[in-house]
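K.L.:
Next comes model.tsv, TSV, N, CA and C atoms:
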chain	number	residue	atom	x	y	z
A	1	MET	N	-186.59	-218.07	112.05
A	1	MET	CA	-185.53	-217.33	112.73
A	1	MET	C	-186.04	-215.91	112.94
A	2	SER	N	-185.92	-215.44	114.17
A	2	SER	CA	-186.39	-214.08	114.47
A	2	SER	C	-185.46	-213.06	113.84
A	3	SER	N	-185.98	-211.84	113.69
A	3	SER	CA	-185.17	-210.79	113.06
A	3	SER	C	-183.97	-210.45	113.93
A	4	GLU	N	-184.09	-210.59	115.24
A	4	GLU	CA	-182.96	-210.34	116.14
A	4	GLU	C	-181.85	-211.38	115.90
A	5	ASN	N	-182.26	-212.63	115.72
A	5	ASN	CA	-181.28	-213.69	115.44
A	5	ASN	C	-180.64	-213.51	114.07
A	6	GLN	N	-181.43	-213.02	113.09
A	6	GLN	CA	-180.88	-212.78	111.76
A	6	GLN	C	-179.81	-211.69	111.81
A	7	VAL	N	-180.08	-210.62	112.57
A	7	VAL	CA	-179.12	-209.52	112.71
A	7	VAL	C	-177.85	-210.03	113.38
A	8	LYS	N	-178.02	-210.84	114.45
A	8	LYS	CA	-176.86	-211.39	115.13
A	8	LYS	C	-176.06	-212.29	114.19
A	9	SER	N	-176.76	-213.10	113.41
A	9	SER	CA	-176.09	-213.99	112.47
A	9	SER	C	-175.31	-213.19	111.42
A	10	ILE	N	-175.90	-212.13	110.91
A	10	ILE	CA	-175.22	-211.28	109.92
A	10	ILE	C	-174.01	-210.62	110.57
A	11	ASN	N	-174.17	-210.09	111.77
A	11	ASN	CA	-173.05	-209.46	112.48
A	11	ASN	C	-171.93	-210.45	112.75
A	12	ASP	N	-172.28	-211.68	113.12
A	12	ASP	CA	-171.27	-212.72	113.34
A	12	ASP	C	-170.53	-213.04	112.05
A	13	LYS	N	-171.26	-213.15	110.95
A	13	LYS	CA	-170.63	-213.43	109.66
A	13	LYS	C	-169.70	-212.28	109.25
A	14	MET	N	-170.14	-211.05	109.48
A	14	MET	CA	-169.31	-209.90	109.15
A	14	MET	C	-168.05	-209.88	110.01
A	15	ALA	N	-168.18	-210.20	111.29
A	15	ALA	CA	-167.03	-210.23	112.19
A	15	ALA	C	-166.06	-211.33	111.76
A	16	ASP	N	-166.60	-212.49	111.36
A	16	ASP	CA	-165.75	-213.58	110.90
A	16	ASP	C	-165.01	-213.18	109.62
A	17	GLU	N	-165.71	-212.55	108.70
A	17	GLU	CA	-165.11	-212.13	107.43
A	17	GLU	C	-164.03	-211.08	107.69
A	18	ARG	N	-164.29	-210.16	108.60
A	18	ARG	CA	-163.31	-209.12	108.95
A	18	ARG	C	-162.05	-209.76	109.52
A	19	GLN	N	-162.23	-210.74	110.40
A	19	GLN	CA	-161.09	-211.41	111.01
A	19	GLN	C	-160.29	-212.20	109.97
A	20	ARG	N	-160.97	-212.84	109.03
A	20	ARG	CA	-160.27	-213.56	107.96
A	20	ARG	C	-159.43	-212.59	107.13
A	21	PHE	N	-159.99	-211.39	106.85
A	21	PHE	CA	-159.26	-210.39	106.09
A	21	PHE	C	-158.02	-209.95	106.87
A	22	ILE	N	-158.19	-209.66	108.16
A	22	ILE	CA	-157.08	-209.23	109.00
A	22	ILE	C	-156.00	-210.31	109.05
A	23	ASP	N	-156.41	-211.54	109.21
A	23	ASP	CA	-155.45	-212.65	109.30
A	23	ASP	C	-154.69	-212.86	107.99
A	24	SER	N	-155.28	-212.45	106.86
A	24	SER	CA	-154.61	-212.64	105.57
A	24	SER	C	-153.62	-211.53	105.25
A	25	GLN	N	-153.63	-210.47	106.04
A	25	GLN	CA	-152.75	-209.33	105.78
A	25	GLN	C	-151.39	-209.53	106.44
A	26	PRO	N	-150.34	-208.96	105.84
A	26	PRO	CA	-149.02	-209.06	106.48
A	26	PRO	C	-149.01	-208.29	107.80
A	27	THR	N	-148.13	-208.70	108.70
A	27	THR	CA	-147.97	-207.95	109.95
A	27	THR	C	-147.33	-206.61	109.63
A	28	ASP	N	-147.34	-205.71	110.60
A	28	ASP	CA	-146.69	-204.41	110.41
A	28	ASP	C	-145.21	-204.61	110.08
A	29	GLU	N	-144.57	-205.55	110.76
A	29	GLU	CA	-143.15	-205.80	110.53
A	29	GLU	C	-142.90	-206.35	109.13
A	30	GLU	N	-143.78	-207.27	108.68
A	30	GLU	CA	-143.65	-207.82	107.33
A	30	GLU	C	-143.84	-206.73	106.28
A	31	MET	N	-144.81	-205.83	106.50
A	31	MET	CA	-145.04	-204.74	105.56
A	31	MET	C	-143.84	-203.80	105.54
A	32	THR	N	-143.25	-203.53	106.70
A	32	THR	CA	-142.06	-202.68	106.75
A	32	THR	C	-140.95	-203.29	105.90
A	33	GLU	N	-140.75	-204.60	105.97
A	33	GLU	CA	-139.73	-205.27	105.16
A	33	GLU	C	-140.04	-205.15	103.67
A	34	LYS	N	-141.31	-205.25	103.31
A	34	LYS	CA	-141.70	-205.09	101.90
A	34	LYS	C	-141.41	-203.66	101.44
A	35	ILE	N	-141.68	-202.69	102.30
A	35	ILE	CA	-141.42	-201.28	101.97
A	35	ILE	C	-139.92	-201.06	101.78
A	36	ILE	N	-139.11	-201.64	102.66
A	36	ILE	CA	-137.65	-201.52	102.52
A	36	ILE	C	-137.21	-202.09	101.17
A	37	GLY	N	-137.81	-203.20	100.77
A	37	GLY	CA	-137.49	-203.77	99.46
A	37	GLY	C	-137.77	-202.78	98.33
A	38	HIS	N	-138.90	-202.10	98.42
A	38	HIS	CA	-139.24	-201.09	97.41
A	38	HIS	C	-138.26	-199.91	97.47
A	39	LEU	N	-137.89	-199.50	98.68
A	39	LEU	CA	-136.96	-198.38	98.82
A	39	LEU	C	-135.61	-198.70	98.20
A	40	ARG	N	-135.23	-199.96	98.25
A	40	ARG	CA	-133.95	-200.37	97.66
A	40	ARG	C	-134.00	-200.37	96.13
A	41	GLU	N	-135.17	-200.14	95.55
A	41	GLU	CA	-135.31	-200.04	94.10
A	41	GLU	C	-135.34	-198.58	93.63
A	42	ILE	N	-135.31	-197.64	94.57
A	42	ILE	CA	-135.35	-196.22	94.24
A	42	ILE	C	-133.95	-195.65	94.38
A	43	TYR	N	-133.42	-195.18	93.26
A	43	TYR	CA	-132.06	-194.66	93.24
A	43	TYR	C	-132.07	-193.14	93.17
A	44	ASP	N	-131.14	-192.53	93.87
A	44	ASP	CA	-130.90	-191.11	93.72
A	44	ASP	C	-130.41	-190.92	92.29
A	45	PRO	N	-131.08	-190.09	91.47
A	45	PRO	CA	-130.67	-189.96	90.07
A	45	PRO	C	-129.23	-189.47	89.87
A	46	GLU	N	-128.64	-188.89	90.90
A	46	GLU	CA	-127.28	-188.38	90.76
A	46	GLU	C	-126.22	-189.33	91.31
A	47	LEU	N	-126.67	-190.41	91.95
A	47	LEU	CA	-125.74	-191.34	92.60
A	47	LEU	C	-126.09	-192.78	92.23
A	48	PRO	N	-125.12	-193.68	92.22
A	48	PRO	CA	-125.39	-195.08	91.86
A	48	PRO	C	-125.85	-195.93	93.04
A	49	VAL	N	-126.59	-195.33	93.98
A	49	VAL	CA	-126.97	-196.02	95.21
A	49	VAL	C	-128.45	-195.77	95.50
A	50	ASN	N	-129.13	-196.79	96.02
A	50	ASN	CA	-130.54	-196.62	96.36
A	50	ASN	C	-130.70	-195.78	97.63
A	51	VAL	N	-131.88	-195.22	97.82
A	51	VAL	CA	-132.11	-194.28	98.92
A	51	VAL	C	-132.01	-194.93	100.29
A	52	TYR	N	-132.30	-196.24	100.36
A	52	TYR	CA	-132.21	-196.92	101.66
A	52	TYR	C	-130.75	-197.12	102.07
A	53	ASP	N	-129.95	-197.68	101.17
A	53	ASP	CA	-128.54	-197.93	101.48
A	53	ASP	C	-127.74	-196.63	101.56
A	54	LEU	N	-128.25	-195.60	100.91
A	54	LEU	CA	-127.60	-194.30	100.98
A	54	LEU	C	-127.76	-193.68	102.37
A	55	GLY	N	-128.72	-194.21	103.14
A	55	GLY	CA	-128.93	-193.72	104.50
A	55	GLY	C	-129.89	-192.55	104.58
A	56	LEU	N	-130.70	-192.38	103.55
A	56	LEU	CA	-131.65	-191.27	103.54
A	56	LEU	C	-132.91	-191.56	104.36
A	57	ILE	N	-133.13	-192.82	104.69
A	57	ILE	CA	-134.33	-193.22	105.43
A	57	ILE	C	-133.99	-193.28	106.91
A	58	TYR	N	-134.63	-192.41	107.68
A	58	TYR	CA	-134.35	-192.35	109.12
A	58	TYR	C	-135.31	-193.23	109.92
A	59	ASN	N	-136.58	-193.33	109.47
A	59	ASN	CA	-137.55	-194.11	110.24
A	59	ASN	C	-138.68	-194.56	109.32
A	60	ILE	N	-139.16	-195.78	109.55
A	60	ILE	CA	-140.32	-196.31	108.85
A	60	ILE	C	-141.29	-196.78	109.93
A	61	ASP	N	-142.44	-196.12	110.01
A	61	ASP	CA	-143.46	-196.49	111.00
A	61	ASP	C	-144.65	-197.04	110.24
A	62	THR	N	-144.98	-198.31	110.46
A	62	THR	CA	-146.08	-198.97	109.75
A	62	THR	C	-147.12	-199.42	110.76
A	63	TRP	N	-148.40	-199.23	110.41
A	63	TRP	CA	-149.48	-199.63	111.30
A	63	TRP	C	-150.71	-199.99	110.48
A	64	THR	N	-151.69	-200.61	111.15
A	64	THR	CA	-152.95	-200.98	110.52
A	64	THR	C	-153.99	-199.93	110.85
A	65	ASP	N	-154.62	-199.36	109.82
A	65	ASP	CA	-155.69	-198.39	110.01
A	65	ASP	C	-156.91	-199.11	110.59
A	66	GLU	N	-157.47	-198.57	111.64
A	66	GLU	CA	-158.59	-199.23	112.33
A	66	GLU	C	-159.87	-199.27	111.50
A	67	VAL	N	-160.04	-198.34	110.57
A	67	VAL	CA	-161.26	-198.29	109.77
A	67	VAL	C	-161.13	-199.15	108.53
A	68	SER	N	-160.10	-198.91	107.73
A	68	SER	CA	-159.95	-199.64	106.47
A	68	SER	C	-159.30	-201.01	106.65
A	69	MET	N	-158.63	-201.21	107.76
A	69	MET	CA	-157.88	-202.43	108.06
A	69	MET	C	-156.70	-202.63	107.10
A	70	MET	N	-156.34	-201.59	106.40
A	70	MET	CA	-155.20	-201.62	105.49
A	70	MET	C	-153.99	-201.01	106.21
A	71	LYS	N	-152.82	-201.28	105.68
A	71	LYS	CA	-151.59	-200.73	106.27
A	71	LYS	C	-151.39	-199.30	105.82
A	72	LYS	N	-150.88	-198.52	106.73
A	72	LYS	CA	-150.44	-197.16	106.44
A	72	LYS	C	-149.00	-197.05	106.92
A	73	CYS	N	-148.30	-196.05	106.39
A	73	CYS	CA	-146.89	-195.93	106.71
A	73	CYS	C	-146.49	-194.46	106.74
A	74	LYS	N	-145.59	-194.15	107.65
A	74	LYS	CA	-144.97	-192.83	107.67
A	74	LYS	C	-143.47	-193.06	107.58
A	75	ILE	N	-142.86	-192.44	106.57
A	75	ILE	CA	-141.43	-192.54	106.39
A	75	ILE	C	-140.81	-191.18	106.69
A	76	THR	N	-139.87	-191.18	107.61
A	76	THR	CA	-139.10	-189.97	107.90
A	76	THR	C	-137.77	-190.14	107.18
A	77	MET	N	-137.46	-189.17	106.34
A	77	MET	CA	-136.25	-189.28	105.54
A	77	MET	C	-135.63	-187.92	105.33
A	78	THR	N	-134.45	-187.94	104.78
A	78	THR	CA	-133.74	-186.72	104.46
A	78	THR	C	-133.30	-186.79	103.01
A	79	LEU	N	-132.60	-185.79	102.58
A	79	LEU	CA	-132.02	-185.75	101.24
A	79	LEU	C	-130.53	-185.48	101.40
A	80	THR	N	-129.76	-185.78	100.39
A	80	THR	CA	-128.32	-185.55	100.50
A	80	THR	C	-128.02	-184.07	100.63
A	81	SER	N	-128.94	-183.23	100.15
A	81	SER	CA	-128.77	-181.78	100.21
A	81	SER	C	-130.14	-181.12	100.22
A	82	ALA	N	-130.27	-180.03	100.95
A	82	ALA	CA	-131.53	-179.29	100.97
A	82	ALA	C	-131.84	-178.68	99.61
A	83	THR	N	-130.83	-178.56	98.77
A	83	THR	CA	-131.03	-177.98	97.44
A	83	THR	C	-131.02	-179.04	96.35
A	84	CYS	N	-131.25	-180.29	96.72
A	84	CYS	CA	-131.25	-181.40	95.76
A	84	CYS	C	-132.28	-181.12	94.67
A	85	SER	N	-131.82	-181.10	93.43
A	85	SER	CA	-132.71	-180.78	92.31
A	85	SER	C	-133.70	-181.90	92.00
A	86	PHE	N	-133.44	-183.08	92.50
A	86	PHE	CA	-134.33	-184.21	92.26
A	86	PHE	C	-135.18	-184.55	93.49
A	87	SER	N	-135.25	-183.65	94.47
A	87	SER	CA	-135.94	-183.96	95.72
A	87	SER	C	-137.39	-184.37	95.50
A	88	GLN	N	-138.14	-183.64	94.68
A	88	GLN	CA	-139.55	-183.98	94.48
A	88	GLN	C	-139.71	-185.31	93.76
A	89	VAL	N	-138.81	-185.61	92.84
A	89	VAL	CA	-138.85	-186.89	92.13
A	89	VAL	C	-138.65	-188.03	93.14
A	90	ILE	N	-137.67	-187.90	94.00
A	90	ILE	CA	-137.38	-188.94	95.00
A	90	ILE	C	-138.58	-189.10	95.94
A	91	ILE	N	-139.13	-187.99	96.44
A	91	ILE	CA	-140.28	-188.04	97.35
A	91	ILE	C	-141.47	-188.71	96.66
A	92	ASP	N	-141.75	-188.34	95.42
A	92	ASP	CA	-142.87	-188.93	94.68
A	92	ASP	C	-142.67	-190.43	94.47
A	93	LEU	N	-141.44	-190.84	94.19
A	93	LEU	CA	-141.16	-192.27	94.03
A	93	LEU	C	-141.39	-193.03	95.34
A	94	VAL	N	-141.01	-192.45	96.46
A	94	VAL	CA	-141.24	-193.09	97.75
A	94	VAL	C	-142.75	-193.19	98.02
A	95	LYS	N	-143.48	-192.11	97.78
A	95	LYS	CA	-144.93	-192.13	98.00
A	95	LYS	C	-145.63	-193.14	97.09
A	96	SER	N	-145.09	-193.34	95.89
A	96	SER	CA	-145.73	-194.24	94.93
A	96	SER	C	-145.63	-195.71	95.31
A	97	ILE	N	-144.85	-196.03	96.32
A	97	ILE	CA	-144.76	-197.42	96.78
A	97	ILE	C	-146.14	-197.94	97.15
A	98	ALA	N	-146.98	-197.08	97.72
A	98	ALA	CA	-148.32	-197.50	98.13
A	98	ALA	C	-149.13	-198.03	96.95
A	99	ALA	N	-148.93	-197.47	95.77
A	99	ALA	CA	-149.67	-197.92	94.59
A	99	ALA	C	-149.16	-199.27	94.08
A	100	ARG	N	-147.93	-199.62	94.43
A	100	ARG	CA	-147.33	-200.86	93.93
A	100	ARG	C	-147.37	-202.00	94.94
A	101	GLN	N	-147.66	-201.69	96.20
A	101	GLN	CA	-147.63	-202.72	97.23
A	101	GLN	C	-149.04	-203.06	97.70
A	102	GLU	N	-149.47	-204.28	97.41
A	102	GLU	CA	-150.79	-204.73	97.83
A	102	GLU	C	-150.91	-204.66	99.35
A	103	GLY	N	-152.03	-204.15	99.81
A	103	GLY	CA	-152.30	-204.07	101.25
A	103	GLY	C	-151.80	-202.80	101.90
A	104	LEU	N	-151.10	-201.97	101.14
A	104	LEU	CA	-150.58	-200.70	101.67
A	104	LEU	C	-151.44	-199.57	101.11
A	105	GLU	N	-152.16	-198.91	102.00
A	105	GLU	CA	-153.11	-197.88	101.59
A	105	GLU	C	-152.45	-196.53	101.33
A	106	ASP	N	-151.48	-196.17	102.16
A	106	ASP	CA	-150.94	-194.82	102.06
A	106	ASP	C	-149.55	-194.75	102.68
A	107	ILE	N	-148.72	-193.86	102.10
A	107	ILE	CA	-147.41	-193.54	102.68
A	107	ILE	C	-147.34	-192.03	102.83
A	108	ASP	N	-147.05	-191.61	104.03
A	108	ASP	CA	-146.80	-190.19	104.31
A	108	ASP	C	-145.29	-190.04	104.42
A	109	VAL	N	-144.74	-189.05	103.72
A	109	VAL	CA	-143.29	-188.83	103.75
A	109	VAL	C	-143.02	-187.50	104.44
A	110	GLU	N	-142.19	-187.57	105.47
A	110	GLU	CA	-141.74	-186.36	106.17
A	110	GLU	C	-140.26	-186.17	105.87
A	111	ILE	N	-139.93	-185.01	105.33
A	111	ILE	CA	-138.54	-184.68	105.03
A	111	ILE	C	-137.98	-183.86	106.19
A	112	VAL	N	-136.84	-184.31	106.70
A	112	VAL	CA	-136.17	-183.60	107.80
A	112	VAL	C	-134.71	-183.39	107.41
A	113	PHE	N	-134.12	-182.38	108.00
A	113	PHE	CA	-132.70	-182.13	107.76
A	113	PHE	C	-131.89	-182.13	109.05
A	114	ASP	N	-132.51	-182.63	110.11
A	114	ASP	CA	-131.83	-182.76	111.39
A	114	ASP	C	-132.10	-184.15	111.91
A	115	PRO	N	-131.14	-185.01	112.01
A	115	PRO	CA	-129.73	-184.74	111.78
A	115	PRO	C	-129.43	-184.66	110.29
A	116	PRO	N	-128.42	-183.89	109.94
A	116	PRO	CA	-128.07	-183.78	108.53
A	116	PRO	C	-127.49	-185.10	108.01
A	117	TRP	N	-127.73	-185.38	106.72
A	117	TRP	CA	-127.20	-186.59	106.12
A	117	TRP	C	-125.69	-186.46	105.99
A	118	GLY	N	-125.02	-187.59	106.15
A	118	GLY	CA	-123.57	-187.65	105.96
A	118	GLY	C	-123.19	-189.03	105.47
A	119	GLN	N	-121.97	-189.16	105.00
A	119	GLN	CA	-121.51	-190.44	104.46
A	119	GLN	C	-121.53	-191.55	105.51
A	120	ASP	N	-121.47	-191.20	106.77
A	120	ASP	CA	-121.50	-192.21	107.83
A	120	ASP	C	-122.87	-192.90	107.91
A	121	SER	N	-123.89	-192.32	107.26
A	121	SER	CA	-125.22	-192.93	107.23
A	121	SER	C	-125.33	-194.05	106.21
A	122	MET	N	-124.38	-194.14	105.30
A	122	MET	CA	-124.43	-195.11	104.21
A	122	MET	C	-124.05	-196.51	104.68
A	123	THR	N	-124.63	-197.51	104.02
A	123	THR	CA	-124.22	-198.89	104.29
A	123	THR	C	-122.86	-199.11	103.65
A	124	ASP	N	-122.18	-200.17	104.06
A	124	ASP	CA	-120.88	-200.50	103.45
A	124	ASP	C	-121.03	-200.76	101.95
A	125	ASP	N	-122.14	-201.40	101.54
A	125	ASP	CA	-122.37	-201.65	100.12
A	125	ASP	C	-122.46	-200.34	99.35
A	126	ALA	N	-123.13	-199.35	99.94
A	126	ALA	CA	-123.25	-198.04	99.28
A	126	ALA	C	-121.89	-197.36	99.20
A	127	LYS	N	-121.12	-197.43	100.26
A	127	LYS	CA	-119.79	-196.83	100.25
A	127	LYS	C	-118.90	-197.49	99.20
A	128	LEU	N	-119.00	-198.80	99.09
A	128	LEU	CA	-118.23	-199.53	98.09
A	128	LEU	C	-118.63	-199.11	96.68
A	129	ALA	N	-119.94	-198.98	96.44
A	129	ALA	CA	-120.43	-198.58	95.12
A	129	ALA	C	-119.96	-197.18	94.73
A	130	MET	N	-119.74	-196.34	95.74
A	130	MET	CA	-119.31	-194.98	95.47
A	130	MET	C	-117.79	-194.82	95.57
A	131	GLY	N	-117.08	-195.92	95.77
A	131	GLY	CA	-115.62	-195.87	95.84
A	131	GLY	C	-115.08	-195.28	97.12
A	132	LEU	N	-115.86	-195.39	98.20
A	132	LEU	CA	-115.42	-194.83	99.48
A	132	LEU	C	-114.80	-195.89	100.39
A	133	LEU	N	-114.82	-197.12	99.96
A	133	LEU	CA	-114.19	-198.21	100.75
A	133	LEU	C	-113.09	-198.85	99.96
Render the structure in this file as structure tokens.
P.N.:
Amino acid sequence: MSSENQVKSINDKMADERQRFIDSQPTDEEMTEKIIGHLREIYDPELPVNVYDLGLIYNIDTWTDEVSMMKKCKITMTLTSATCSFSQVIIDLVKSIAARQEGLEDIDVEIVFDPPWGQDSMTDDAKLAMGLL
């Protein structure tokens, strides 16, 4: 086998292995659902409701990194108050999802206060838990 054919064979094997890895990974939508599951396990320390049902999560953008082929995520969220004493704890818990979710390389968290959070952002389950329904 010529060295040119050996290089082509190695490149073909690497391409096949890369495709097998990609095919074994969850889709962006599946990873977003897994992230939502993790968010539902993070509770505001001052309230009996998780951050997702509380309506603190405004957007979850999940994609596959072209170099690592791993999932990355950007979460846009707010806090119940700009002066929330547990804000850094909540943000760190959201960022730590990447360490607990296989196939998720990184989560970037952007905190915004526009639009401001309000009770209308909460799910009915969250309102019920807080005695608002």
K.L.:
Give the strand (DSSP E or B) residues of stretch 14-114 of chain A, as assigned by DSSP on the backbone, as a PDB file with N, CA and C atoms, keeping the file's coordinate frame.
P.N.:
ATOM      1  N   TYR A  43    -133.420-195.180  93.260  1.00  0.00           N
ATOM      2  CA  TYR A  43    -132.060-194.660  93.240  1.00  0.00           C
ATOM      3  C   TYR A  43    -132.070-193.140  93.170  1.00  0.00           C
ATOM      4  N   ASN A  50    -129.130-196.790  96.020  1.00  0.00           N
ATOM      5  CA  ASN A  50    -130.540-196.620  96.360  1.00  0.00           C
ATOM      6  C   ASN A  50    -130.700-195.780  97.630  1.00  0.00           C
ATOM      7  N   ILE A  57    -133.130-192.820 104.690  1.00  0.00           N
ATOM      8  CA  ILE A  57    -134.330-193.220 105.430  1.00  0.00           C
ATOM      9  C   ILE A  57    -133.990-193.280 106.910  1.00  0.00           C
ATOM     10  N   TYR A  58    -134.630-192.410 107.680  1.00  0.00           N
ATOM     11  CA  TYR A  58    -134.350-192.350 109.120  1.00  0.00           C
ATOM     12  C   TYR A  58    -135.310-193.230 109.920  1.00  0.00           C
ATOM     13  N   ASN A  59    -136.580-193.330 109.470  1.00  0.00           N
ATOM     14  CA  ASN A  59    -137.550-194.110 110.240  1.00  0.00           C
ATOM     15  C   ASN A  59    -138.680-194.560 109.320  1.00  0.00           C
ATOM     16  N   ILE A  60    -139.160-195.780 109.550  1.00  0.00           N
ATOM     17  CA  ILE A  60    -140.320-196.310 108.850  1.00  0.00           C
ATOM     18  C   ILE A  60    -141.290-196.780 109.930  1.00  0.00           C
ATOM     19  N   ASP A  61    -142.440-196.120 110.010  1.00  0.00           N
ATOM     20  CA  ASP A  61    -143.460-196.490 111.000  1.00  0.00           C
ATOM     21  C   ASP A  61    -144.650-197.040 110.240  1.00  0.00           C
ATOM     22  N   THR A  62    -144.980-198.310 110.460  1.00  0.00           N
ATOM     23  CA  THR A  62    -146.080-198.970 109.750  1.00  0.00           C
ATOM     24  C   THR A  62    -147.120-199.420 110.760  1.00  0.00           C
ATOM     25  N   TRP A  63    -148.400-199.230 110.410  1.00  0.00           N
ATOM     26  CA  TRP A  63    -149.480-199.630 111.300  1.00  0.00           C
ATOM     27  C   TRP A  63    -150.710-199.990 110.480  1.00  0.00           C
ATOM     28  N   THR A  64    -151.690-200.610 111.150  1.00  0.00           N
ATOM     29  CA  THR A  64    -152.950-200.980 110.520  1.00  0.00           C
ATOM     30  C   THR A  64    -153.990-199.930 110.850  1.00  0.00           C
ATOM     31  N   LYS A  71    -152.820-201.280 105.680  1.00  0.00           N
ATOM     32  CA  LYS A  71    -151.590-200.730 106.270  1.00  0.00           C
ATOM     33  C   LYS A  71    -151.390-199.300 105.820  1.00  0.00           C
ATOM     34  N   LYS A  72    -150.880-198.520 106.730  1.00  0.00           N
ATOM     35  CA  LYS A  72    -150.440-197.160 106.440  1.00  0.00           C
ATOM     36  C   LYS A  72    -149.000-197.050 106.920  1.00  0.00           C
ATOM     37  N   CYS A  73    -148.300-196.050 106.390  1.00  0.00           N
ATOM     38  CA  CYS A  73    -146.890-195.930 106.710  1.00  0.00           C
ATOM     39  C   CYS A  73    -146.490-194.460 106.740  1.00  0.00           C
ATOM     40  N   LYS A  74    -145.590-194.150 107.650  1.00  0.00           N
ATOM     41  CA  LYS A  74    -144.970-192.830 107.670  1.00  0.00           C
ATOM     42  C   LYS A  74    -143.470-193.060 107.580  1.00  0.00           C
ATOM     43  N   ILE A  75    -142.860-192.440 106.570  1.00  0.00           N
ATOM     44  CA  ILE A  75    -141.430-192.540 106.390  1.00  0.00           C
ATOM     45  C   ILE A  75    -140.810-191.180 106.690  1.00  0.00           C
ATOM     46  N   THR A  76    -139.870-191.180 107.610  1.00  0.00           N
ATOM     47  CA  THR A  76    -139.100-189.970 107.900  1.00  0.00           C
ATOM     48  C   THR A  76    -137.770-190.140 107.180  1.00  0.00           C
ATOM     49  N   MET A  77    -137.460-189.170 106.340  1.00  0.00           N
ATOM     50  CA  MET A  77    -136.250-189.280 105.540  1.00  0.00           C
ATOM     51  C   MET A  77    -135.630-187.920 105.330  1.00  0.00           C
ATOM     52  N   LEU A 104    -151.100-201.970 101.140  1.00  0.00           N
ATOM     53  CA  LEU A 104    -150.580-200.700 101.670  1.00  0.00           C
ATOM     54  C   LEU A 104    -151.440-199.570 101.110  1.00  0.00           C
ATOM     55  N   GLU A 105    -152.160-198.910 102.000  1.00  0.00           N
ATOM     56  CA  GLU A 105    -153.110-197.880 101.590  1.00  0.00           C
ATOM     57  C   GLU A 105    -152.450-196.530 101.330  1.00  0.00           C
ATOM     58  N   ASP A 106    -151.480-196.170 102.160  1.00  0.00           N
ATOM     59  CA  ASP A 106    -150.940-194.820 102.060  1.00  0.00           C
ATOM     60  C   ASP A 106    -149.550-194.750 102.680  1.00  0.00           C
ATOM     61  N   ILE A 107    -148.720-193.860 102.100  1.00  0.00           N
ATOM     62  CA  ILE A 107    -147.410-193.540 102.680  1.00  0.00           C
ATOM     63  C   ILE A 107    -147.340-192.030 102.830  1.00  0.00           C
ATOM     64  N   ASP A 108    -147.050-191.610 104.030  1.00  0.00           N
ATOM     65  CA  ASP A 108    -146.800-190.190 104.310  1.00  0.00           C
ATOM     66  C   ASP A 108    -145.290-190.040 104.420  1.00  0.00           C
ATOM     67  N   VAL A 109    -144.740-189.050 103.720  1.00  0.00           N
ATOM     68  CA  VAL A 109    -143.290-188.830 103.750  1.00  0.00           C
ATOM     69  C   VAL A 109    -143.020-187.500 104.440  1.00  0.00           C
ATOM     70  N   GLU A 110    -142.190-187.570 105.470  1.00  0.00           N
ATOM     71  CA  GLU A 110    -141.740-186.360 106.170  1.00  0.00           C
ATOM     72  C   GLU A 110    -140.260-186.170 105.870  1.00  0.00           C
ATOM     73  N   ILE A 111    -139.930-185.010 105.330  1.00  0.00           N
ATOM     74  CA  ILE A 111    -138.540-184.680 105.030  1.00  0.00           C
ATOM     75  C   ILE A 111    -137.980-183.860 106.190  1.00  0.00           C
TER      76      ILE A 111
END
K.L.:
Grab the atom CA of A:Phe113 to atom CA of A:Gln101 distance for me, in Å with one decimal place.
P.N.:
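Computing the Euclidean distance for atom CA of A:Phe113 and atom CA of A:Gln101 yields 27.5 Å.
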K.L.:
Quick one: of A:Ala82, A:Ile57, A:Ile97, A:Ile90, who's nearest to A:Ile35, counting all atoms listed in the file?
P.N.:
A:Ile97
K.L.:
Please compute the atom N of A:Ile60-atom CA of A:Ile75 distance, one decimal, in Å.
P.N.:
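Pair atom N of A:Ile60 / atom CA of A:Ile75 returns 5.1 Å.
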K.L.:
Taking 3 positions as the minimum chain separation for residues in the same chain, which residues sit within 6 Å of stretch 64-72 of chain A when counting only N, CA and C atoms? Answer as a compact mmCIF listing (two decimals) with N, CA and C atoms, keeping the file's coordinate frame.
P.N.:
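The file below, out-v7.txt, is the result:
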# COMPACT_ATOMS: atom_id res chain seq x y z
N ASP A 61 -142.44 -196.12 110.01
CA ASP A 61 -143.46 -196.49 111.00
C ASP A 61 -144.65 -197.04 110.24
N GLY A 103 -152.03 -204.15 99.81
CA GLY A 103 -152.30 -204.07 101.25
C GLY A 103 -151.80 -202.80 101.90
N LEU A 104 -151.10 -201.97 101.14
CA LEU A 104 -150.58 -200.70 101.67
C LEU A 104 -151.44 -199.57 101.11
N GLU A 105 -152.16 -198.91 102.00
CA GLU A 105 -153.11 -197.88 101.59
C GLU A 105 -152.45 -196.53 101.33
N ASP A 106 -151.48 -196.17 102.16
CA ASP A 106 -150.94 -194.82 102.06
C ASP A 106 -149.55 -194.75 102.68
N ILE A 107 -148.72 -193.86 102.10
CA ILE A 107 -147.41 -193.54 102.68
C ILE A 107 -147.34 -192.03 102.83
K.L.:
Between A:Ile111, A:Phe86, A:His38, A:Phe21, which has the minimum distance to A:Tyr52 (counting only N, CA and C atoms)?
P.N.:
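Checking each candidate against A:Tyr52, we get A:His38 as the closest.
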K.L.:
Name the residues of chain A that fall into alpha helix (DSSP H) according to DSSP on the backbone, using the chain letters and numbers of this document, as a ChimeraX atom specification.
P.N.:
/A:3-24,28-39,87-95,97-100,124-129
K.L.:
List as a PyMOL selection string the residues having at least one atom at most 10 Å from position (-127.3, -183.1, 90.1) as given in the file, counting only C-alpha atoms.
P.N.:
chain A and resi 44-47+83-86
